[in-house]
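Okay, data-v7.tsv is below, TSV, C-alpha atoms and all ligand atoms:
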chain	number	residue	atom	x	y	z
A	149	MET	CA	-29.13	-1.13	-18.51
A	150	ARG	CA	-25.58	0.06	-18.17
A	151	THR	CA	-23.87	-1.32	-15.04
A	152	ILE	CA	-20.74	0.29	-13.70
A	153	GLN	CA	-18.48	-1.82	-11.54
A	154	ILE	CA	-19.68	-4.28	-9.00
A	155	PRO	CA	-17.37	-3.85	-6.03
A	156	THR	CA	-18.77	-6.65	-3.94
A	157	GLU	CA	-19.27	-9.37	-6.53
A	158	ARG	CA	-16.70	-11.41	-8.45
A	159	LYS	CA	-13.95	-9.26	-7.01
A	160	GLY	CA	-10.89	-9.04	-9.21
A	161	HIS	CA	-12.56	-10.84	-12.11
A	162	LEU	CA	-12.17	-8.01	-14.61
A	163	ALA	CA	-8.68	-7.30	-13.28
A	164	TYR	CA	-7.67	-10.83	-14.26
A	165	TYR	CA	-8.32	-10.05	-17.93
A	166	GLN	CA	-6.01	-7.02	-17.79
A	167	ASP	CA	-2.99	-9.29	-17.40
A	168	LYS	CA	-4.45	-12.66	-18.38
A	169	ALA	CA	-1.57	-13.95	-20.53
A	170	GLU	CA	1.06	-13.26	-17.86
A	171	ILE	CA	-1.10	-14.63	-15.04
A	172	ASP	CA	-1.93	-17.80	-16.98
A	173	GLN	CA	1.75	-18.34	-17.70
A	174	ALA	CA	2.76	-17.77	-14.06
A	175	ILE	CA	0.14	-20.25	-12.81
A	176	GLN	CA	1.16	-22.80	-15.41
A	177	ARG	CA	4.75	-22.55	-14.24
A	178	VAL	CA	3.70	-23.51	-10.70
A	179	LEU	CA	1.50	-26.34	-11.97
A	180	ASP	CA	4.47	-27.64	-13.94
A	181	HIS	CA	7.13	-27.48	-11.22
A	182	GLY	CA	4.75	-28.78	-8.55
A	183	HIS	CA	6.07	-26.98	-5.46
A	184	TYR	CA	2.64	-25.80	-4.45
A	185	VAL	CA	3.60	-25.10	-0.84
A	186	MET	CA	6.43	-22.59	-0.29
A	187	GLY	CA	7.63	-22.93	-3.85
A	188	PRO	CA	10.11	-20.46	-5.35
A	189	GLU	CA	7.39	-17.90	-6.08
A	190	VAL	CA	6.86	-17.28	-2.36
A	191	PRO	CA	10.35	-15.99	-1.45
A	192	ALA	CA	10.55	-14.24	-4.82
A	193	PHE	CA	7.31	-12.38	-4.11
A	194	GLU	CA	8.45	-11.60	-0.58
A	195	ALA	CA	11.70	-10.07	-1.82
A	196	GLU	CA	9.96	-8.07	-4.55
A	197	PHE	CA	7.18	-6.89	-2.24
A	198	ALA	CA	9.63	-5.85	0.49
A	199	ALA	CA	11.64	-3.89	-2.08
A	200	TYR	CA	8.48	-2.26	-3.45
A	201	CYS	CA	7.35	-1.22	0.04
A	202	ASP	CA	10.83	0.06	1.02
A	203	ALA	CA	10.86	-2.52	3.84
A	204	ALA	CA	13.73	-4.80	4.79
A	205	TYR	CA	11.56	-7.93	5.06
A	206	SER	CA	8.25	-9.30	3.92
A	207	VAL	CA	6.39	-12.50	4.83
A	208	ALA	CA	3.59	-13.76	2.58
A	209	VAL	CA	0.53	-15.23	4.27
A	210	THR	CA	-3.01	-16.36	3.52
A	211	SER	CA	-5.03	-13.18	4.18
A	212	GLY	CA	-5.01	-9.69	5.59
A	213	THR	CA	-6.87	-10.82	8.70
A	214	THR	CA	-4.22	-13.46	9.26
A	215	SER	CA	-1.42	-10.94	8.76
A	216	LEU	CA	-2.81	-8.90	11.67
A	217	HIS	CA	-3.30	-11.98	13.83
A	218	ILE	CA	0.27	-13.09	13.13
A	219	ALA	CA	1.66	-9.64	13.96
A	220	LEU	CA	-0.03	-9.73	17.36
A	221	LEU	CA	0.99	-13.35	18.04
A	222	ALA	CA	4.57	-12.39	17.19
A	223	LEU	CA	4.36	-9.81	19.97
A	224	GLU	CA	3.13	-12.55	22.35
A	225	LEU	CA	0.30	-10.45	23.75
A	226	GLY	CA	-2.03	-11.78	26.40
A	227	PRO	CA	-5.06	-10.80	28.48
A	228	ASP	CA	-3.10	-8.21	30.48
A	229	ASP	CA	-2.25	-6.30	27.33
A	230	GLU	CA	-4.31	-3.80	25.39
A	231	VAL	CA	-4.35	-3.13	21.65
A	232	LEU	CA	-5.79	0.06	20.20
A	233	THR	CA	-7.25	0.36	16.72
A	234	VAL	CA	-10.01	2.09	14.76
A	235	ALA	CA	-13.55	0.77	14.54
A	236	GLY	CA	-14.14	1.40	10.86
A	237	GLY	CA	-11.33	-0.12	8.85
A	238	ASP	CA	-12.88	-3.54	8.27
A	239	LEU	CA	-13.54	-5.91	11.16
A	240	ALA	CA	-10.14	-7.59	10.69
A	241	PRO	CA	-8.04	-5.51	13.13
A	242	SER	CA	-10.64	-5.95	15.88
A	243	LEU	CA	-10.94	-9.67	15.17
A	244	ALA	CA	-7.18	-10.12	15.28
A	245	VAL	CA	-7.08	-8.53	18.74
A	246	LEU	CA	-9.99	-10.65	19.98
A	247	HIS	CA	-8.21	-13.83	18.88
A	248	THR	CA	-5.08	-12.99	20.88
A	249	GLY	CA	-7.13	-12.54	24.05
A	250	ALA	CA	-5.75	-9.04	24.53
A	251	GLN	CA	-8.07	-6.20	25.45
A	252	LEU	CA	-9.50	-4.39	22.43
A	253	THR	CA	-9.97	-0.62	22.65
A	254	TRP	CA	-11.00	1.68	19.82
A	255	VAL	CA	-9.66	5.11	19.03
A	256	ASP	CA	-11.88	7.59	17.18
A	257	ILE	CA	-11.03	8.99	13.76
A	258	CYS	CA	-10.43	12.44	12.37
A	259	GLU	CA	-13.55	13.70	10.58
A	260	GLU	CA	-11.66	15.08	7.59
A	261	THR	CA	-9.03	12.45	6.89
A	262	LEU	CA	-11.11	9.50	8.23
A	263	ASN	CA	-7.88	8.18	9.75
A	264	MET	CA	-7.02	7.49	13.39
A	265	ASP	CA	-7.06	10.78	15.28
A	266	PRO	CA	-3.72	11.39	17.04
A	267	ALA	CA	-5.44	13.39	19.81
A	268	SER	CA	-7.90	10.56	20.45
A	269	LEU	CA	-4.98	8.10	20.47
A	270	ARG	CA	-3.19	10.18	23.12
A	271	ASP	CA	-6.35	10.26	25.25
A	272	THR	CA	-7.01	6.53	24.90
A	273	LEU	CA	-3.51	5.20	25.66
A	274	SER	CA	-3.13	3.35	28.93
A	275	ALA	CA	-0.33	1.71	30.87
A	276	LYS	CA	-1.48	-1.63	29.41
A	277	THR	CA	-1.28	-0.55	25.76
A	278	ARG	CA	1.20	-2.74	23.91
A	279	ALA	CA	0.24	-2.23	20.28
A	280	VAL	CA	-1.60	0.25	18.08
A	281	ILE	CA	-3.03	-0.80	14.72
A	282	ALA	CA	-3.48	2.26	12.50
A	283	VAL	CA	-5.38	1.54	9.30
A	284	ASP	CA	-4.64	3.60	6.17
A	285	MET	CA	-8.32	4.27	5.65
A	286	TYR	CA	-9.67	3.82	2.14
A	287	GLY	CA	-6.09	3.98	0.79
A	288	ALA	CA	-5.05	7.31	2.33
A	289	PRO	CA	-2.10	6.92	4.71
A	290	ALA	CA	-2.71	7.73	8.36
A	291	ASP	CA	-0.65	10.58	9.83
A	292	MET	CA	1.94	8.17	11.10
A	293	ASP	CA	4.38	10.77	12.46
A	294	ALA	CA	1.62	12.41	14.51
A	295	LEU	CA	0.47	8.99	15.75
A	296	ARG	CA	4.04	8.11	16.71
A	297	ASP	CA	4.33	11.45	18.57
A	298	ALA	CA	1.10	10.66	20.42
A	299	LEU	CA	2.80	7.56	21.86
A	300	ASP	CA	5.05	9.92	23.84
A	301	GLY	CA	8.18	7.86	23.36
A	302	ARG	CA	6.62	4.68	24.79
A	303	ASP	CA	8.97	2.04	23.43
A	304	ASP	CA	6.83	-0.74	24.92
A	305	ILE	CA	4.23	-0.03	22.22
A	306	THR	CA	4.51	-1.54	18.75
A	307	LEU	CA	2.98	0.54	15.98
A	308	ILE	CA	1.33	-1.56	13.30
A	309	GLU	CA	0.19	-0.16	9.96
A	310	ASP	CA	-2.70	-1.95	8.31
A	311	PHE	CA	-2.08	-0.94	4.69
A	312	SER	CA	-4.57	-3.34	3.15
A	313	LEU	CA	-6.19	-0.50	1.26
A	314	ALA	CA	-3.05	1.52	0.67
A	315	VAL	CA	-0.45	-0.63	-1.07
A	316	GLY	CA	1.50	1.84	-3.22
A	317	ALA	CA	0.31	4.91	-1.30
A	318	THR	CA	3.00	7.22	0.09
A	319	TYR	CA	3.52	9.39	3.16
A	320	ARG	CA	6.37	11.92	3.24
A	321	GLY	CA	7.78	10.12	0.21
A	322	LYS	CA	7.82	6.74	1.97
A	323	LYS	CA	5.70	3.81	0.88
A	324	ALA	CA	2.77	2.49	2.90
A	325	GLY	CA	3.93	-0.67	4.61
A	326	SER	CA	7.19	0.99	5.67
A	327	LEU	CA	5.69	3.57	8.02
A	328	ALA	CA	5.40	1.59	11.27
A	329	ASP	CA	7.18	-1.21	13.11
A	330	ILE	CA	5.12	-3.82	11.28
A	331	GLY	CA	3.00	-3.46	8.14
A	332	CYS	CA	0.07	-5.80	7.53
A	333	THR	CA	-1.86	-6.02	4.32
A	334	SER	CA	-4.58	-7.95	2.61
A	335	LEU	CA	-3.82	-9.05	-0.94
A	336	ALA	CA	-7.33	-10.36	-1.52
A	337	ALA	CA	-8.93	-10.13	-4.94
A	338	GLY	CA	-10.40	-6.67	-5.35
A	339	LYS	CA	-7.68	-4.89	-3.36
A	340	VAL	CA	-5.30	-2.45	-5.03
A	341	LEU	CA	-2.85	-5.34	-5.23
A	342	GLY	CA	-5.08	-8.39	-5.31
A	343	VAL	CA	-4.43	-12.05	-6.07
A	344	LEU	CA	-7.04	-14.44	-7.47
A	345	GLY	CA	-8.55	-15.35	-4.12
A	346	SER	CA	-7.16	-14.71	-0.69
A	347	GLY	CA	-3.71	-13.52	0.32
A	348	GLY	CA	-1.84	-11.20	2.62
A	349	ALA	CA	1.62	-10.08	3.67
A	350	LEU	CA	3.56	-8.51	6.50
A	351	THR	CA	6.46	-6.10	6.20
A	352	THR	CA	9.01	-4.90	8.73
A	353	HIS	CA	12.38	-3.24	9.05
A	354	HIS	CA	13.26	-5.19	12.18
A	355	GLU	CA	15.06	-8.51	11.92
A	356	HIS	CA	13.83	-9.79	15.29
A	357	LEU	CA	10.20	-9.11	14.34
A	358	TYR	CA	10.73	-10.71	10.94
A	359	ARG	CA	12.02	-13.87	12.61
A	360	ARG	CA	9.07	-14.03	14.98
A	361	ILE	CA	6.56	-13.40	12.20
A	362	ASN	CA	8.17	-16.07	10.05
A	363	GLU	CA	7.98	-18.54	12.92
A	364	VAL	CA	4.33	-17.80	13.71
A	365	ARG	CA	3.40	-18.26	10.05
A	366	HIS	CA	4.87	-21.78	10.00
A	367	TYR	CA	3.57	-23.70	13.04
A	368	GLY	CA	5.70	-21.61	15.40
A	369	ARG	CA	8.80	-23.43	14.18
A	370	ALA	CA	12.11	-21.66	14.20
A	371	GLU	CA	12.42	-21.60	10.44
A	372	SER	CA	9.93	-21.28	7.58
A	373	PRO	CA	11.48	-23.59	4.98
A	374	TYR	CA	11.19	-22.88	1.28
A	375	TRP	CA	10.82	-26.31	-0.20
A	376	HIS	CA	12.06	-25.70	-3.69
A	377	ASP	CA	15.77	-26.10	-3.04
A	378	ASP	CA	17.51	-29.14	-4.46
A	379	PRO	CA	17.74	-31.87	-3.45
A	380	LEU	CA	14.03	-32.48	-2.87
A	381	PRO	CA	12.36	-33.31	-0.58
A	382	PRO	CA	14.18	-31.24	2.05
A	383	VAL	CA	16.95	-33.16	3.69
A	384	LYS	CA	16.50	-31.32	6.95
A	385	GLU	CA	13.30	-30.92	8.93
A	386	PRO	CA	12.67	-27.33	10.05
A	387	ASP	CA	13.69	-26.49	13.60
A	388	GLY	CA	11.43	-27.08	16.58
A	389	MET	CA	8.45	-25.03	17.76
A	390	VAL	CA	9.47	-21.93	19.68
A	391	ILE	CA	6.29	-19.85	19.71
A	392	LYS	CA	2.52	-20.42	19.51
A	393	GLY	CA	2.11	-20.42	15.76
A	394	LEU	CA	-0.32	-21.01	12.93
A	395	ASN	CA	-0.11	-22.57	9.50
A	396	GLU	CA	-0.77	-19.60	7.26
A	397	ARG	CA	1.70	-19.75	4.37
A	398	MET	CA	0.72	-18.15	1.08
A	399	ASP	CA	0.17	-20.68	-1.72
A	400	SER	CA	2.77	-20.73	-4.49
A	401	ILE	CA	0.02	-20.13	-7.08
A	402	GLN	CA	-1.19	-16.96	-5.34
A	403	ALA	CA	2.41	-15.79	-4.92
A	404	ALA	CA	2.94	-16.28	-8.66
A	405	VAL	CA	-0.17	-14.19	-9.38
A	406	ALA	CA	0.89	-11.53	-6.85
A	407	ARG	CA	4.24	-11.15	-8.64
A	408	VAL	CA	2.48	-10.43	-11.93
A	409	LYS	CA	0.08	-7.98	-10.30
A	410	LEU	CA	2.94	-6.23	-8.50
A	411	ARG	CA	4.69	-5.64	-11.83
A	412	HIS	CA	1.61	-3.73	-13.02
A	413	LEU	CA	0.74	-2.00	-9.78
A	414	GLU	CA	2.08	1.44	-10.73
A	415	ARG	CA	-0.02	1.35	-13.92
A	416	ASP	CA	-3.13	0.54	-11.85
A	417	LEU	CA	-2.35	3.21	-9.26
A	418	GLY	CA	-1.92	5.76	-12.05
A	419	ILE	CA	-5.38	4.93	-13.39
A	420	ARG	CA	-6.94	5.08	-9.91
A	421	ARG	CA	-5.39	8.51	-9.29
A	422	ALA	CA	-6.53	9.77	-12.69
A	423	ILE	CA	-10.11	8.64	-11.92
A	424	ALA	CA	-9.93	10.35	-8.51
A	425	ALA	CA	-8.82	13.58	-10.22
A	426	VAL	CA	-11.85	13.42	-12.54
A	427	TYR	CA	-14.19	12.92	-9.55
A	428	ASP	CA	-12.46	15.78	-7.67
A	429	GLU	CA	-13.05	18.08	-10.62
A	430	TYR	CA	-16.71	17.14	-11.19
A	431	LEU	CA	-17.62	17.26	-7.52
A	432	LYS	CA	-15.66	20.30	-6.36
A	433	ALA	CA	-18.75	22.50	-6.25
A	434	ALA	CA	-21.24	19.75	-5.37
A	435	PRO	CA	-22.87	19.47	-1.93
A	436	CYS	CA	-20.48	16.82	-0.62
A	437	ARG	CA	-16.87	16.61	0.45
A	438	ALA	CA	-14.24	14.06	-0.40
A	439	GLN	CA	-11.99	12.34	2.16
A	440	ARG	CA	-9.06	14.69	2.76
A	441	VAL	CA	-5.72	13.18	1.84
A	442	LEU	CA	-2.90	14.72	3.87
A	443	ASP	CA	-0.68	17.16	1.93
A	444	GLN	CA	2.30	14.97	2.70
A	445	ALA	CA	0.54	11.81	1.43
A	446	VAL	CA	-0.58	10.29	-1.85
A	447	SER	CA	-3.52	7.90	-1.67
A	448	SER	CA	-3.79	4.61	-3.52
A	449	TYR	CA	-7.51	5.38	-3.96
A	450	ARG	CA	-8.74	1.92	-3.12
A	451	SER	CA	-12.00	3.80	-2.53
A	452	TYR	CA	-13.09	7.28	-3.49
A	453	VAL	CA	-15.02	8.40	-0.45
A	454	ILE	CA	-17.45	11.27	-0.34
A	455	LEU	CA	-19.41	12.47	2.66
A	456	VAL	CA	-22.92	13.68	1.90
A	457	GLU	CA	-25.75	14.99	4.02
A	458	PRO	CA	-26.94	11.98	6.07
A	459	GLN	CA	-30.59	12.62	5.18
A	460	ILE	CA	-29.89	12.15	1.45
A	461	ARG	CA	-27.29	9.37	1.65
A	462	ASP	CA	-29.57	6.36	1.25
A	463	GLN	CA	-31.54	8.02	-1.51
A	464	PHE	CA	-28.30	8.91	-3.28
A	465	VAL	CA	-27.15	5.28	-3.12
A	466	GLN	CA	-30.56	4.12	-4.39
A	467	LYS	CA	-30.71	6.59	-7.28
A	468	MET	CA	-27.13	5.78	-8.29
A	469	ALA	CA	-28.11	2.09	-8.34
A	470	GLU	CA	-31.09	2.95	-10.57
A	471	ALA	CA	-28.57	4.58	-12.92
A	472	GLY	CA	-26.56	1.33	-12.94
A	473	ILE	CA	-23.86	2.51	-10.54
A	474	ARG	CA	-23.07	0.56	-7.39
A	475	VAL	CA	-22.03	2.89	-4.57
A	476	GLY	CA	-20.15	1.15	-1.74
A	477	LEU	CA	-20.90	1.64	1.93
A	478	GLN	CA	-17.58	0.26	3.03
A	479	TYR	CA	-17.12	-0.69	6.66
A	480	ILE	CA	-20.58	0.27	7.83
A	481	PRO	CA	-21.62	-0.13	10.56
A	482	PRO	CA	-18.49	0.64	12.58
A	483	ASP	CA	-17.21	-2.41	14.49
A	484	HIS	CA	-18.69	-1.48	17.88
A	485	LEU	CA	-22.20	-1.34	16.41
A	486	HIS	CA	-22.13	-4.94	15.16
A	487	PRO	CA	-24.38	-7.32	17.13
A	488	TYR	CA	-21.40	-9.13	18.71
A	489	PHE	CA	-20.13	-5.96	20.35
A	490	LEU	CA	-23.58	-4.53	21.13
A	491	GLU	CA	-24.32	-7.72	23.07
A	492	ARG	CA	-21.13	-7.11	25.05
A	493	GLY	CA	-21.94	-3.61	26.22
A	494	CYS	CA	-21.00	-1.36	23.31
A	495	GLN	CA	-23.43	1.43	22.50
A	496	PRO	CA	-24.08	4.10	19.92
A	497	GLY	CA	-22.37	7.32	20.96
A	498	MET	CA	-19.14	5.62	22.08
A	499	LEU	CA	-17.20	6.83	19.04
A	500	PRO	CA	-19.03	9.95	17.86
A	501	VAL	CA	-16.88	10.86	14.87
A	502	ILE	CA	-16.84	7.49	13.19
A	503	GLU	CA	-20.58	7.13	13.79
A	504	LYS	CA	-21.22	10.50	12.17
A	505	VAL	CA	-19.04	9.56	9.20
A	506	ALA	CA	-20.80	6.19	8.85
A	507	ASP	CA	-24.11	8.02	8.29
A	508	ALA	CA	-22.66	10.27	5.61
A	509	LEU	CA	-20.21	8.11	3.71
A	510	ALA	CA	-20.55	6.85	0.14
A	511	CYS	CA	-17.81	5.23	-1.95
A	512	LEU	CA	-17.89	5.87	-5.70
A	513	PRO	CA	-16.68	3.12	-8.04
A	514	ILE	CA	-12.97	3.38	-8.76
A	515	GLU	CA	-11.24	0.54	-10.57
A	516	PRO	CA	-8.46	0.46	-13.16
A	517	THR	CA	-10.76	-1.54	-15.43
A	518	MET	CA	-13.31	1.28	-15.79
A	519	SER	CA	-13.54	2.98	-19.18
A	520	VAL	CA	-13.04	6.74	-19.49
A	521	GLU	CA	-16.67	6.98	-20.54
A	522	ASP	CA	-17.81	5.14	-17.40
A	523	VAL	CA	-15.75	7.41	-15.16
A	524	HIS	CA	-17.36	10.53	-16.60
A	525	TYR	CA	-20.79	8.95	-16.45
A	526	VAL	CA	-20.34	8.13	-12.74
A	527	ALA	CA	-19.01	11.60	-11.97
A	528	GLU	CA	-21.74	13.43	-13.89
A	529	THR	CA	-24.51	11.24	-12.46
A	530	ALA	CA	-23.24	11.70	-8.89
A	531	ARG	CA	-22.92	15.45	-9.31
A	532	LYS	CA	-26.41	15.84	-10.75
A	533	LEU	CA	-28.01	13.65	-8.08
A	534	LEU	CA	-26.23	15.42	-5.24
A	535	PHE	CA	-27.57	18.77	-6.47
A	536	ASP	CA	-31.06	17.39	-7.12
A	537	LEU	CA	-31.35	15.63	-3.74
A	538	SER	CA	-29.88	18.51	-1.76
A	539	GLY	CA	-32.23	20.91	-3.64
B	1	LIG	C1	-8.25	-2.38	6.23
B	1	LIG	C2	-8.41	-3.86	6.10
B	1	LIG	N1	-7.73	-4.67	6.93
B	1	LIG	C3	-7.83	-6.01	6.85
B	1	LIG	C4	-8.67	-6.61	5.92
B	1	LIG	C5	-8.82	-8.09	5.92
B	1	LIG	O1	-8.22	-8.66	4.81
B	1	LIG	P1	-8.64	-10.12	4.30
B	1	LIG	O2	-10.01	-10.00	3.72
B	1	LIG	O3	-7.61	-10.45	3.28
B	1	LIG	O4	-8.60	-11.01	5.47
B	1	LIG	C6	-9.37	-5.81	5.01
B	1	LIG	C7	-10.23	-6.44	4.00
B	1	LIG	O5	-11.06	-5.86	3.38
B	1	LIG	C8	-9.25	-4.40	5.10
B	1	LIG	O6	-9.93	-3.59	4.30

Can you turn what I pasted into structure tokens?
Amino acid sequence: MRTIQIPTERKGHLAYYQDKAEIDQAIQRVLDHGHYVMGPEVPAFEAEFAAYCDAAYSVAVTSGTTSLHIALLALELGPDDEVLTVAGGDLAPSLAVLHTGAQLTWVDICEETLNMDPASLRDTLSAKTRAVIAVDMYGAPADMDALRDALDGRDDITLIEDFSLAVGATYRGKKAGSLADIGCTSLAAGKVLGVLGSGGALTTHHEHLYRRINEVRHYGRAESPYWHDDPLPPVKEPDGMVIKGLNERMDSIQAAVARVKLRHLERDLGIRRAIAAVYDEYLKAAPCRAQRVLDQAVSSYRSYVILVEPQIRDQFVQKMAEAGIRVGLQYIPPDHLHPYFLERGCQPGMLPVIEKVADALACLPIEPTMSVEDVHYVAETARKLLFDLSG
């Protein structure tokens, strides 16, 4: 049987073959020079990634979850502080808040864009709010200007953009990762920009935040040394610990892979957008609606999300699977409906919009490695099933 794209298994495996020769060469270079920790590929990737994201600085780390944790540690938040985020953009933002000890509060999303709802943000803000993590859901940038406006000029609040799904997306002509005070992203295999394993990065325009982030990443010491300079080993030990830090530096091998993938990112984004246009066309009259991307934004299309009638959703997923097509149910259930939070007092009904969306959502396969034939097969099969099931 024909099988189209397996989003949850062997992530990034097919993507490796797209650029195999360059990736193999880049890895070999690291194996040969031997600076596996903070080798030259790390600062090179950071500089190239910052430039790509239109940010002044970038810091490469071990995962997207870690990037969020580091951002919050850099702000030195504690139990008297509150962080707001959405409950359906992966568990990582919520986990990062829990690990700082700050109070976690969720903001509901907008039913059309699936992004943080500025009105809900305004209603949820409190005197204790110190940070807001807005996730660019499914690759479509959040309405960052409206979210900033909702903060009512509160300069004690740091706006963080989780652009794990939206590397390369744009909002008012600016790149995701440059839209807030700090950008945090996953670079895990399977993401729009994915290494061969786990990785992540932070971006910022602010030098003081960059310094803090850099310190947190490297044991809280005042300098993250790049250990490739001659003479080796480093003649000077890095400066002393100044902040509660972690050891979360990106490996040189993953940085080398990330540099190759970054060089081909625009090609991959072009293919994703072309696939999305095919799905738009096939499904425009079908009984479903696609996530609305803001007029002033361009999505990276990490996922192509449709919302269907809740009563047919599970059948749709099942019938697509029978046709060899794996439909994703990304980020279901919403965070507050996971056992951990239910045991701590959360209940269905707390966040009505995201709960409604969770019952209706289905993510169609969208990967640069899909053939044109596969794309049309997915689109045609989805359209036919949606009509049949909605009959
Ligand atoms: C929006 C979002 N944030 C954070 C993460 C966590 O990234 P990682 O898996 O690299 O820790 C993910 C991963 O899927 C994500 O989708």

Given only C-alpha atoms and all ligand atoms, how would the per-residue table for chain A near ligand LIG 1 (chain B) read, listing every residue at most 6 Å away with its closest atom pair and distance in Å to one decimal, sorted by chain and number, as a Markdown table?
| residue | atom | partner | partner_atom | distance |
| --- | --- | --- | --- | --- |
| A:Ser211 | CA | B:LIG1 | O3 | 3.9 |
| A:Gly212 | CA | B:LIG1 | O1 | 3.5 |
| A:Thr213 | CA | B:LIG1 | O4 | 3.7 |
| A:Gly237 | CA | B:LIG1 | C1 | 4.6 |
| A:Asp238 | CA | B:LIG1 | C8 | 4.9 |
| A:Ala240 | CA | B:LIG1 | C3 | 4.8 |
| A:Val283 | CA | B:LIG1 | C1 | 5.7 |
| A:Asp310 | CA | B:LIG1 | N1 | 5.9 |
| A:Ser312 | CA | B:LIG1 | C2 | 4.9 |
| A:Leu313 | CA | B:LIG1 | C1 | 5.7 |
| A:Ser334 | CA | B:LIG1 | O3 | 4.0 |
| A:Leu335 | CA | B:LIG1 | O3 | 5.8 |
| A:Ala336 | CA | B:LIG1 | O3 | 4.8 |
| A:Ser346 | CA | B:LIG1 | O3 | 5.8 |
| A:Gly347 | CA | B:LIG1 | O3 | 5.8 |
| A:Gly348 | CA | B:LIG1 | O3 | 5.9 |

Could you give me, as a PyMOL selection string, the residues within 9 Å of Asp265 in chain A, counting only C-alpha atoms and dropping anything in the same chain fewer than 4 positions from it?
-> chain A and resi 255-259+261+269-270+290-291+294-295

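Shortest separation to Leu417 in chain A among A:Ala337, A:Ile514, A:Val245, A:Leu344 occurs at residue A:Ile514, atoms counted being all atoms listed in the file.
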
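Among A:His486, A:Arg474, A:Arg397, A:Arg369, the residue with the shortest atom-to-atom distance to Ala530 in chain A, counting all atoms listed in the file, is A:Arg474.
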
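Between Asp297 in chain A and the candidates A:Ala506, A:Ile473, A:Ile419, A:Ala267, the tightest atom-to-atom separation, counting all atoms listed in the file, involves A:Ala267.
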
With N, CA and C atoms as the goal, would you fill in the gaps in range 322-335 of chain A and present it as an mmCIF file, in the coordinates of the input?
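Result file follows (out.cif):
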data_model
loop_
_atom_site.group_PDB
_atom_site.id
_atom_site.type_symbol
_atom_site.label_atom_id
_atom_site.label_comp_id
_atom_site.auth_asym_id
_atom_site.auth_seq_id
_atom_site.Cartn_x
_atom_site.Cartn_y
_atom_site.Cartn_z
ATOM 1 N N LYS A 322 7.558 8.160 1.645
ATOM 2 C CA LYS A 322 7.820 6.740 1.970
ATOM 3 C C LYS A 322 6.579 5.914 1.656
ATOM 4 N N LYS A 323 6.811 4.666 1.280
ATOM 5 C CA LYS A 323 5.700 3.810 0.880
ATOM 6 C C LYS A 323 4.895 3.306 2.088
ATOM 7 N N ALA A 324 3.596 3.188 1.906
ATOM 8 C CA ALA A 324 2.770 2.490 2.900
ATOM 9 C C ALA A 324 3.360 1.089 3.073
ATOM 10 N N GLY A 325 3.316 0.625 4.303
ATOM 11 C CA GLY A 325 3.930 -0.670 4.610
ATOM 12 C C GLY A 325 5.320 -0.500 5.191
ATOM 13 N N SER A 326 5.853 0.748 5.088
ATOM 14 C CA SER A 326 7.190 0.990 5.670
ATOM 15 C C SER A 326 7.085 2.020 6.786
ATOM 16 N N LEU A 327 5.854 2.391 7.155
ATOM 17 C CA LEU A 327 5.690 3.570 8.020
ATOM 18 C C LEU A 327 5.652 3.241 9.509
ATOM 19 N N ALA A 328 5.533 1.958 9.851
ATOM 20 C CA ALA A 328 5.400 1.590 11.270
ATOM 21 C C ALA A 328 6.400 0.471 11.587
ATOM 22 N N ASP A 329 6.267 -0.116 12.757
ATOM 23 C CA ASP A 329 7.180 -1.210 13.110
ATOM 24 C C ASP A 329 6.864 -2.469 12.300
ATOM 25 N N ILE A 330 5.562 -2.685 12.097
ATOM 26 C CA ILE A 330 5.120 -3.820 11.280
ATOM 27 C C ILE A 330 4.037 -3.304 10.333
ATOM 28 N N GLY A 331 4.083 -3.738 9.091
ATOM 29 C CA GLY A 331 3.000 -3.460 8.140
ATOM 30 C C GLY A 331 2.229 -4.740 7.892
ATOM 31 N N CYS A 332 0.914 -4.626 7.820
ATOM 32 C CA CYS A 332 0.070 -5.800 7.530
ATOM 33 C C CYS A 332 -0.844 -5.438 6.376
ATOM 34 N N THR A 333 -0.951 -6.333 5.424
ATOM 35 C CA THR A 333 -1.860 -6.020 4.320
ATOM 36 C C THR A 333 -2.621 -7.234 3.827
ATOM 37 N N SER A 334 -3.818 -6.968 3.368
ATOM 38 C CA SER A 334 -4.580 -7.950 2.610
ATOM 39 C C SER A 334 -4.106 -7.874 1.165
ATOM 40 N N LEU A 335 -4.069 -9.025 0.511
ATOM 41 C CA LEU A 335 -3.820 -9.050 -0.940
ATOM 42 C C LEU A 335 -4.983 -9.780 -1.601
#
